[in-house]
Each structure stands twice: as C-alpha cells, then as structure tokens.
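To start, the structure under review is shown below, and the notes come after it.
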Amino acid sequence: MTNDIRMIVGLGNPGLDYQKTRHNAGFMALDRLMAKKNSQFVRNRFGLVGKWGNIVLLKPLTYMNLSGQAVAAVQKFYKIPTQSILVIADDLDLPLGRLRIRQKGSSGGHNGLKSIVQGLGTDAFPRIKIGISHPPDQMRVIDWVLGRFSREEWKILDPVLDQAVEACECIVVKGVQEAMNRFNGL
C-alpha cells in the first residue's frame, strides 16, 4: 500500500428502517469492502468499526446528520491526519450508476458530509460519491434519499457498489489521482 489512507468511512443511517435506502449507499459500499477483505465490523463507542490491515473502517451509528461526531472521535483516538480519511457517500447530483472521486470539496448540501466538514474543521479529505439521481418532480428530497432502491435501480447500483470497492482499493494502493483518472469517467 503506497497511499496514506488510514480510515475509510461509509455514510448511512443505522437501523433496519434505513437499510438499503439511497442515503445508505456509503454503508453498502463499505459492507462490500469488508466482505471482500473477509473482515467483520465490531460495535464500539464510535460505531461499527473494522480493520483492513492498518486502515480503520467506520460506519458511524450517529445518524447521517451527526456523522462528523463519530468521524472526529475516531480521528482523534487513532491520531489520523484529515487528508488520510476517505469518505464514501451518496450523491443526488450524480446520475444513478455513476461514481465521482474528489480530493476535497464542499459538502454539496449533503448533511453527512456537512457534519464531517464541521467535525474535522476542514473539507480537505478525499471522498467517493455514489450517484443516486435527483428525485422525480413533486417528490421531497428527504423522501427520495430515505426511500429504497427499486428492483430496476438495484440492477444499476449493484455493479457500482463493486466499482466503489475497487475505487477504495485503488485509492489506498495508487492514490486519489489515479483513482480519479480511472473511475470518474465511468
């Protein structure tokens, strides 16, 4: 591993009511990464935590809007530099089926990212965004992001979650720029 990623955070909301909702795309991608690495999450005071070598994997159990509290606590506990934290989140500005990797940037209105920016005091951390598309006309954003993917949407999302795992591995091994070159055009 050549990059300095020391923590990967998947964003979502805890509980069965939110499982497989659009807002939990980050949780889903991290679950796939854990399965691929034959690792398991353990519940502790920060949330669900796992390991991939020396990299901490975190699914905050603080609910989306308070994700920054858990991320900042883990960062402080493990003394992880901010730029060494990779976040995976859903993005309704991206069409379903697309990934976008960024080195840093604003929250784009995403409450989980907004909370992390606030908790860390900076937006200078890499992220993988998983497209979930905009809601149809007349549908509230909150209802859209907390809604479940349809069967047809799952056919599109399933390979994208695998790509998100590949993007994580690429970022860890070859760096963010290489991952951006490889995955942002897909």
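Residue numbers start at 1 in each chain; chains themselves are named A, B, ... in the order of the structure tokens; ligands are numbered from 1 in the order shown.
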Quick check for you: according to DSSP on this backbone, which residues of region 63-158 of chain A are classed as alpha helix (DSSP H)? Reply as a CSV table (one decimal) with C-alpha atoms, in the first residue's frame.
```csv
chain,number,residue,atom,x,y,z
A,67,SER,CA,-21.6,11.6,11.3
A,68,GLY,CA,-18.9,14.2,12.0
A,69,GLN,CA,-19.0,13.5,15.7
A,70,ALA,CA,-18.1,9.8,15.2
A,71,VAL,CA,-15.5,10.6,12.5
A,72,ALA,CA,-13.8,13.3,14.6
A,73,ALA,CA,-13.7,11.0,17.6
A,74,VAL,CA,-12.1,8.1,15.7
A,75,GLN,CA,-9.7,10.6,14.0
A,76,LYS,CA,-8.6,11.9,17.4
A,77,PHE,CA,-8.4,8.4,19.0
A,78,TYR,CA,-6.2,7.0,16.3
A,111,ASN,CA,-25.8,16.6,5.6
A,112,GLY,CA,-23.4,13.8,6.4
A,113,LEU,CA,-20.5,15.5,4.6
A,114,LYS,CA,-21.5,18.8,6.1
A,115,SER,CA,-21.3,17.2,9.6
A,116,ILE,CA,-17.9,15.7,8.8
A,117,VAL,CA,-16.5,19.0,7.5
A,118,GLN,CA,-17.8,20.7,10.7
A,119,GLY,CA,-16.4,17.9,12.9
A,120,LEU,CA,-12.9,17.9,11.3
A,141,VAL,CA,-35.6,15.2,-1.3
A,142,ILE,CA,-35.9,13.7,2.2
A,143,ASP,CA,-38.4,11.1,0.9
A,144,TRP,CA,-36.2,10.3,-2.0
A,145,VAL,CA,-32.9,9.7,-0.1
A,151,ARG,CA,-35.6,-3.6,-8.4
A,152,GLU,CA,-34.6,-1.9,-11.7
A,153,GLU,CA,-32.4,0.6,-9.8
A,154,TRP,CA,-30.6,-2.3,-8.0
A,155,LYS,CA,-29.6,-3.7,-11.4
A,156,ILE,CA,-27.7,-0.4,-12.0
A,157,LEU,CA,-26.5,0.1,-8.4
A,158,ASP,CA,-25.1,-3.4,-7.8
```
Spatial neighbours of Trp52 (chain A), max dist 8 Å, only C-alpha atoms, sep filter under 4 positions, as a PyMOL selection string:
chain A and resi 34+37+39+56-57
* **Residue nearest His110 (chain A) - candidates A:Arg32, A:Lys79, A:His23, A:Arg182, atoms counted: only C-alpha atoms** =>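 Answer, going by the shortest atom-to-atom distance: A:His23.
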Point to revise | Within 9 Å of Phe125 (chain A) using only C-alpha atoms, minus same-chain residues under 6 positions, as a list in words | key: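 Near Phe125 (chain A), the qualifying residues are Thr82, Gln83, Ser84, Ile85, Leu86, Val87, Arg102, Gln103, Lys104, Gly105 and Val117 of chain A.
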- DSSP-assigned strand (DSSP E) members of chain A, reported as number ranges by chain: A: 7-10, 42-44, 47-52, 55-60, 85-91, 99-102, 127-131
Practice problem: Identify, on the basis of only C-alpha atoms, every residue whose closest approach to region 61-64 of chain A does not exceed 6 Å; exclude the query and any residue fewer than 6 positions from it along the same chain; express the result as a ChimeraX atom specification. | Solution: /A:12-14,47,112
**Request:** Take CA of Gly147 (chain A) and CA of Thr21 (chain A) and report the distance between them in Å, one decimal.
**Result:**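 Separating CA of Gly147 (chain A) from CA of Thr21 (chain A) is a distance of 5.2 Å.
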| query | Pick from A:Arg100, A:Arg45, A:Lys36, A:Lys59: nearest to Asp162 (chain A), with only C-alpha atoms counted? | reply |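 Checking each of A:Arg100, A:Arg45, A:Lys36, A:Lys59 against Asp162 (chain A), counting only C-alpha atoms, the winner is A:Lys36.
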So which residues touch Gly10 (chain A) within 9 Å, counting only C-alpha atoms, skipping near sequence neighbours fewer than 6 positions away, as an NGL selection string?
:A and (24-31 or 57-60 or 86-89)
Distance criterion (only C-alpha atoms): nearest to Gln19 (chain A) out of A:Leu146, A:Val49, A:Ala35, A:Met139: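 Among the listed residues, A:Leu146 lies closest to Gln19 (chain A).
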- Message: Between CA of Met7 (chain A) and CA of Arg127 (chain A), what is the distance in Å, rounded to a tenth?
- Response: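 Taking CA of Met7 (chain A) and CA of Arg127 (chain A), their separation equals 11.4 Å.
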Identify which of the residues A:Asp93, A:Asp17, A:Asp123, A:Glu169 lies closest to Pro135 (chain A), counting only C-alpha atoms when measuring atom-to-atom distances.
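Of all the options, A:Asp93 lies closest to Pro135 (chain A).
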task: Mind giving me the straight-line distance from CA of Asp90 (chain A) to CA of Gly15 (chain A) in Å, one decimal?
output: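 Atom-to-atom, CA of Asp90 (chain A) to CA of Gly15 (chain A), that is 17.4 Å.
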